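Data first, discussion second: the structure below is written as structure tokens.
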Amino acid sequence: MNTKNPYSTIGLPLEIERLNELAYNLWFSWNDEAKALFSLIDPKRWEQTLHNPVRLLLETDSEVWSALSKDGPFLEQYERVCQQWDAYLSDTTWFQKSYPEHLQHRIAYFSAEFGFHESLQIYSGGLGILAGDHCKSASDLGIPLVGVGLLYKRGYFMQKINQDGQQQAEQIVYDFNHLPILPVSNNNGEQLVITISIADRTVHLRIWQARIGRNSVYLLDSDVEGNSPWDRELTAQLYGGDQDIRIAQELLLGMGGVKALRALELPTAVYHINEGHAAFQAFERIREQLENGVPFHIALEVIRSSSIFTTHTPVPAGHDAFTQSMVEYYCSSLLNRWNDHRHEFLQLGMDEAKQLFNMTHLALNTAALRNGVSKLHGEVSRDMFRSFHNNIGVQEVPIHHITNGVHMPTWLAPELKELYSRFLPGRWLEDQTSGNLWKSLELIPAESLWETHVVLKERMIRFARSNLLEQFTRNGQPAEIIEGVHSYLSARALTIGFARRFATYKRANLIFSDLDRLDRLVNDPERPVQFLFAGKAHPADQPGQDMIRDIYRVSQMNRFRGKIILLENYDMNMARHLVQGVDVWLNNPRRPYEASGTSGQKAAMNGVINFSILDGWWEEGYNGTNGWSIEGNNEADWHTQELENTESIYRQLEQEIVPLYYNEGKLPTQWVDRMKQSIQSLAPVYNTDRMVMDYTNKAYMPSLKRTLQFLDNDYDLVTKVADYKRFIISNWHHVRFIEIRDDVNGQSAEFAAKASNDKTQGLKEVTATLSFGPIWYKDTVVEIVYYEQRGEDWYPVVIQMEPSRELDNRVVQFKAVIASHLQHLTHYTIRIRPISPSFVSSFELPLVTTT
Ligand SMILES: *Cc1c(COP(=O)(O)O)cnc(C)c1O
């Protein structure tokens, strides 16, 4: 396949021809020299185009190009960027060194949104930014990853805030030819089009390529001639439509995405789905196997072994679910073609309790490896999906966690990169996951770190003022108010930032519960505090928009004017300014609703100190000295938690944060110490290099190896595993307990003989006799389970029982020795479950029989 660059004939002079190549690779978004190069072409236009290099190239006149091709300093910068780009591509990568044998095995990464850069608005919030950062680190590390997503003609939306503080969602129709993406064409030079069946129709999809360093992300677009008007709108908007649009979009992403990979001739070994939106990939891949004559149960095992699912939503209501009839309608082509398997397909997503087809259930049923996005979120997910796993012990639910991170080259301020480069050893940015290296941060003089921070803070303030000027001018505010904006915000004042999607659980207006107390903080003549807020609320989320109005209302009160600020149209550009330029990053969600959160990680690497609820990543990142935690009793009802959290916020601001910040004159050395502690402890861990390495080591490579084994020798192993599972499932009802004996007096002769030995004091022997029917007892394990308290939590203790005697009729006796005070049913239970060396987890089959 070709990716035709329609602008390769844009007529750039030979001397600077490679600007095309640089503009069409989002590598520029994490290379400061490349951004500086584009800015040199036309600084104003670079800002006006929202840093879109393609529009910049298209809109620049030919005279400018002739002049630039003779401009010494520009050419020097151009050469420097080209050299860095070439060096980047030729570097030996972590993956090449770690897994040289797997260079040819591709990993597909599916996501409904991708946040790479403000010039490509196909993200709504953290989930998309995470996907973008994931792809960037995958490129940096040399992981052979290919992304799959949708290309939204109207993106998410542009947010404007009117004179009443009402959010207005403005739709912009993007011209794809003006974005840093390329159409993919077939070998005849025509644009590549794939088709997918949705309900009774065929939908055509074009494919666009976003180049992300070494890798690509392919984006599907249904706005194609020949599609019905309704279908042309399917990819119009991210999270824009009703349930019908939603399921259609998810089919385009999941099933269309797999088809696109095939049409692009990109053989793929492992499929990672970022949230349940893309779970329909399993349907398409099972269909492919069926077409090849593979039986359904074997096809399912093939798909499971090669799928990885990352869940992001700690609230049950947040998981997409559709009625069964919707799924039957929209998947009718697939289900009619494979009518014999209709029930099996539908069963993969059925939430029996709610009688809905749930995308998370589909993902859990079709991915062998599943994870949450922080330690705490892992726990929450195990708890939430315990009943899905036959109510086994919560710690044993096979859902793990890989904590999110952020892409350091994207989010770290250029000035800080320069400063760190002077003091951190070697190729520190490439080796950022080495905690040791960050010890050298001590060497940075407090003055230097502080001066750099102030430079970033001043830039952020200029940015905020210009955002407000535009907002107020458009809203027709009086001249004196508009004039006043120039003196809004002071670089000297302690500055607190809060920016993220305005979802209600994030409680953006928590700090407003006591305006007089807030007033005293903000208007302290010696030690003032100022706040910046920004974020979009989903257009259908009324409570979220009420929160915006509330923040706006406070920002317009005379006593807070110019000191509590609400910026409009939060995007990646604004996020960079804020996480680099404030002093404190505030996050006060309702615990445990913040699965991870990543904006605080961006802040941390920039020396901005986190002040947050111990939720998501901060629960594991906070070490007592690298920031502050907002306290409250997690067990209390929401209202009480809210009161306690608010009190904790005010109290710490008044007694700790403000005093520390204003402790010393111009150079707050203790504050700078805290900044350093925060950077040192958090930067090496909460970055996407560490995260993508974790995914590679713990998920991609194990999944790849298992899949290769499964498929080897003509599906030999996977056939055995699938047949074995089917046999076990249909015969498990034969397995039953016949007798349990644990009375201290009724011990066996051998045990009684040993009982004189001191070592067996206080111990007893437990015997369990089970009948197995046709199942071989060695395909199972019999275990004693009891709970032990460690700290505040209870942990399961599992003791394996050993077969001691085979009786008639497939009856086997098992024994184990435990403490004699433990009583059956009062303290412990005995369970039996099937095992296999080919299982990924102990509870791969939802079968366990317990006494
Ligand atoms: C990082 C980022 C987010 C995620 O913020 P959280 O605080 O983790 O919710 C959302 N939107 C944008 C534009 C971001 O850059």
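Chain identifiers are assigned as A, B, and so on, following the order in which chains appear in the structure tokens; residues are numbered from 1 within each chain, and ligands are numbered from 1 in order of appearance.
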Near A:Leu145, counting only C-alpha atoms, which residues have an atom at most 12 Å away, once you skip same-chain residues fewer than 3 positions from it, shown as a PDB file with C-alpha atoms, in the first residue's frame?
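Result file is part_0.pdb:
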ATOM      1  CA  PHE A  95      12.851  -3.205  21.771  1.00  0.00           C
ATOM      2  CA  HIS A 102      10.183 -10.419  17.630  1.00  0.00           C
ATOM      3  CA  LEU A 103      10.904  -7.415  15.429  1.00  0.00           C
ATOM      4  CA  GLN A 104       8.593  -8.714  12.717  1.00  0.00           C
ATOM      5  CA  HIS A 105       5.614  -9.287  15.034  1.00  0.00           C
ATOM      6  CA  ARG A 106       3.228  -6.389  14.984  1.00  0.00           C
ATOM      7  CA  ILE A 107       1.012  -5.251  17.846  1.00  0.00           C
ATOM      8  CA  ALA A 108      -2.234  -3.470  16.999  1.00  0.00           C
ATOM      9  CA  TYR A 109      -3.502  -0.812  19.395  1.00  0.00           C
ATOM     10  CA  PHE A 110      -7.193   0.088  19.094  1.00  0.00           C
ATOM     11  CA  ALA A 131      -3.470   6.540  23.651  1.00  0.00           C
ATOM     12  CA  HIS A 134       1.299   5.287  24.337  1.00  0.00           C
ATOM     13  CA  CYS A 135       1.963   5.431  20.588  1.00  0.00           C
ATOM     14  CA  LYS A 136       4.691   8.035  20.985  1.00  0.00           C
ATOM     15  CA  SER A 137       6.576   5.987  23.561  1.00  0.00           C
ATOM     16  CA  ALA A 138       6.066   2.883  21.438  1.00  0.00           C
ATOM     17  CA  SER A 139       7.868   4.715  18.661  1.00  0.00           C
ATOM     18  CA  ASP A 140      10.643   5.930  20.969  1.00  0.00           C
ATOM     19  CA  LEU A 141      11.156   2.391  22.287  1.00  0.00           C
ATOM     20  CA  GLY A 142      10.992   0.812  18.835  1.00  0.00           C
ATOM     21  CA  VAL A 148      -6.247   1.899  14.781  1.00  0.00           C
ATOM     22  CA  ARG A 211       2.617   8.968  11.219  1.00  0.00           C
ATOM     23  CA  ILE A 212       3.807   8.807  14.781  1.00  0.00           C
ATOM     24  CA  GLY A 213       7.596   8.692  14.635  1.00  0.00           C
ATOM     25  CA  ARG A 214       8.539   5.209  13.486  1.00  0.00           C
ATOM     26  CA  ASN A 215       4.977   3.919  13.580  1.00  0.00           C
ATOM     27  CA  SER A 216       1.604   4.707  12.097  1.00  0.00           C
ATOM     28  CA  VAL A 217      -1.922   5.035  13.318  1.00  0.00           C
ATOM     29  CA  TYR A 218      -4.657   4.319  10.776  1.00  0.00           C
ATOM     30  CA  LEU A 261      -5.226  -3.981   8.934  1.00  0.00           C
ATOM     31  CA  LEU A 266      -0.092  -5.465   7.981  1.00  0.00           C
ATOM     32  CA  PRO A 267       0.111  -8.898   9.607  1.00  0.00           C
ATOM     33  CA  THR A 268      -0.638  -8.447  13.281  1.00  0.00           C
ATOM     34  CA  ALA A 269       0.063 -10.833  16.131  1.00  0.00           C
ATOM     35  CA  VAL A 270      -1.340  -9.128  19.217  1.00  0.00           C
ATOM     36  CA  TYR A 271      -4.390  -6.869  19.641  1.00  0.00           C
ATOM     37  CA  HIS A 272      -4.560  -4.376  22.472  1.00  0.00           C
ATOM     38  CA  VAL A 692       4.855   0.806  27.489  1.00  0.00           C
ATOM     39  CA  TYR A 695       2.841  -3.526  28.589  1.00  0.00           C
ATOM     40  CA  THR A 696       5.519  -5.077  26.415  1.00  0.00           C
ATOM     41  CA  TYR A 700       2.512  -8.037  24.583  1.00  0.00           C
TER      42      TYR A 700
END
For this session: Go through the chains and note each residue within 10 Å of ligand 1, using only C-alpha atoms and all ligand atoms, then give the set as a ChimeraX atom specification.
Result: /A:115-118,121,123-130,133,404-406,411,498-503,506,534-536,569-579,585-589,594-603,616-617
Return as JSON lines the residues of stretch 394-465 of chain A lying at most 7 Å from stretch 488-495 of chain A, together with the closest atom-to-atom pair for each and the distance in Å to one decimal, counting only C-alpha atoms, with rows in chain order and ascending residue number.
{"residue": "A:Lys457", "atom": "CA", "partner": "A:Ala491", "partner_atom": "CA", "distance": 6.3}
{"residue": "A:Glu458", "atom": "CA", "partner": "A:Ala491", "partner_atom": "CA", "distance": 5.9}
{"residue": "A:Ile461", "atom": "CA", "partner": "A:Leu489", "partner_atom": "CA", "distance": 6.6}
{"residue": "A:Arg465", "atom": "CA", "partner": "A:Tyr488", "partner_atom": "CA", "distance": 7.0}
For this session: Give me every strand (DSSP E or B) residue in stretch 469-560 of chain A, going by DSSP on the backbone, as a PyMOL selection string.
Result: chain A and resi 494-499+529-534
Problem set entry | Computed interatomic separation between atom CA of A:Val394 and atom CA of A:Thr851 (Å) |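 Atom CA of A:Thr851 lies 18.0 Å from atom CA of A:Val394.
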Problem set entry | Minimum-distance residue to A:Gln324, chosen among A:Ile143, A:Ile775, A:Leu356, A:Ile444 (using only C-alpha atoms) | A:Leu356
Residues near stretch 61-64 of chain A, anyone? I mean within 12 Å using only C-alpha atoms, not counting same-chain ones fewer than 4 positions away, as a tab-separated table (two decimals) with N, CA and C atoms, in the first residue's frame.
chain	number	residue	atom	x	y	z
A	10	ILE	N	4.37	20.33	-3.44
A	10	ILE	CA	3.96	21.64	-2.98
A	10	ILE	C	4.91	22.74	-3.45
A	11	GLY	N	6.02	22.34	-4.05
A	11	GLY	CA	6.89	23.32	-4.65
A	11	GLY	C	7.83	23.97	-3.66
A	12	LEU	N	8.22	23.19	-2.65
A	12	LEU	CA	9.23	23.71	-1.74
A	12	LEU	C	10.58	23.68	-2.45
A	13	PRO	N	11.39	24.69	-2.22
A	13	PRO	CA	12.74	24.64	-2.80
A	13	PRO	C	13.47	23.40	-2.30
A	16	ILE	N	14.90	22.96	1.25
A	16	ILE	CA	14.09	22.76	2.46
A	16	ILE	C	12.93	21.79	2.19
A	40	LEU	N	9.54	29.44	13.08
A	40	LEU	CA	10.39	30.39	12.35
A	40	LEU	C	9.82	30.73	10.98
A	41	ILE	N	9.09	29.81	10.38
A	41	ILE	CA	8.54	30.06	9.04
A	41	ILE	C	7.60	31.26	9.09
A	42	ASP	N	6.75	31.27	10.09
A	42	ASP	CA	5.79	32.37	10.22
A	42	ASP	C	5.15	32.26	11.62
A	45	ARG	N	1.31	32.83	11.93
A	45	ARG	CA	0.48	31.81	11.31
A	45	ARG	C	0.59	30.48	12.08
A	55	ARG	N	-1.10	23.00	7.46
A	55	ARG	CA	-1.72	24.26	7.04
A	55	ARG	C	-0.67	25.34	6.87
A	56	LEU	N	0.29	25.34	7.75
A	56	LEU	CA	1.36	26.34	7.63
A	56	LEU	C	2.05	26.22	6.28
A	57	LEU	N	2.39	25.02	5.89
A	57	LEU	CA	3.07	24.83	4.60
A	57	LEU	C	2.16	25.23	3.45
A	68	LEU	N	13.33	31.93	2.55
A	68	LEU	CA	13.80	31.04	3.63
A	68	LEU	C	14.91	30.11	3.15
A	69	SER	N	14.85	29.74	1.88
A	69	SER	CA	15.87	28.80	1.39
A	69	SER	C	17.23	29.47	1.27
A	70	LYS	N	17.26	30.79	1.49
A	70	LYS	CA	18.56	31.48	1.48
A	70	LYS	C	18.85	32.09	2.86
A	71	ASP	N	18.02	31.78	3.82
A	71	ASP	CA	18.12	32.39	5.15
A	71	ASP	C	19.01	31.51	6.04
A	74	PHE	N	17.74	30.13	9.44
A	74	PHE	CA	16.66	29.18	9.22
A	74	PHE	C	17.21	27.85	8.71
Exercise. Can you tell me how far atom CA of A:Gly241 sits from atom CA of A:Ala540, in Å to one decimal?
Worked result: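 Result for atom CA of A:Gly241 versus atom CA of A:Ala540: 9.9 Å, one decimal.
Each of A:Ala282, A:Ile679, A:Leu437, A:Ile172 was compared to A:Ser305 using only C-alpha atoms, and A:Ala282 turns out to be the nearest.
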For this session: Can you work out the spacing between atom CA of A:Leu449 and atom CA of A:Phe423 in Å, to one decimal?
Result: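 Going from atom CA of A:Leu449 over to atom CA of A:Phe423, I get 11.2 Å.
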Problem set entry | Residues near stretch 710-715 of chain A, cut-off 9 Å, only C-alpha atoms, skip fewer than 6 positions along chain, as a list in words |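 My list of contacting residues is Ile298, Glu301, Val302, Ser305 and Val721 of chain A.
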Residues of the last selection are to be written out with N, CA, C and O atoms, as a tab-separated table (two decimals), in the first residue's frame.
chain	number	residue	atom	x	y	z
A	298	ILE	N	-12.50	-23.11	19.11
A	298	ILE	CA	-11.06	-22.97	18.90
A	298	ILE	C	-10.75	-21.53	18.46
A	298	ILE	O	-9.78	-20.91	18.93
A	301	GLU	N	-10.45	-19.30	21.38
A	301	GLU	CA	-9.18	-19.42	22.11
A	301	GLU	C	-8.06	-18.68	21.38
A	301	GLU	O	-7.17	-18.11	22.01
A	302	VAL	N	-8.06	-18.74	20.05
A	302	VAL	CA	-7.04	-18.02	19.28
A	302	VAL	C	-7.15	-16.53	19.57
A	302	VAL	O	-6.16	-15.85	19.83
A	305	SER	N	-6.15	-15.59	23.26
A	305	SER	CA	-4.73	-15.63	23.59
A	305	SER	C	-4.01	-14.40	23.04
A	305	SER	O	-3.01	-13.96	23.59
A	721	VAL	N	-6.23	-27.19	23.80
A	721	VAL	CA	-6.72	-26.36	24.91
A	721	VAL	C	-8.23	-26.14	24.77
A	721	VAL	O	-8.98	-26.28	25.73
For this session: With a distance cut-off of 12 Å and only C-alpha atoms, select the neighbouring residues of A:Glu430, excluding the residue or stretch itself and same-chain residues fewer than 4 positions from it, and output the selection as a PyMOL selection string.
Result: chain A and resi 88+91-94+137+139-142+407-409+421+424-426+434+437+684+687-690
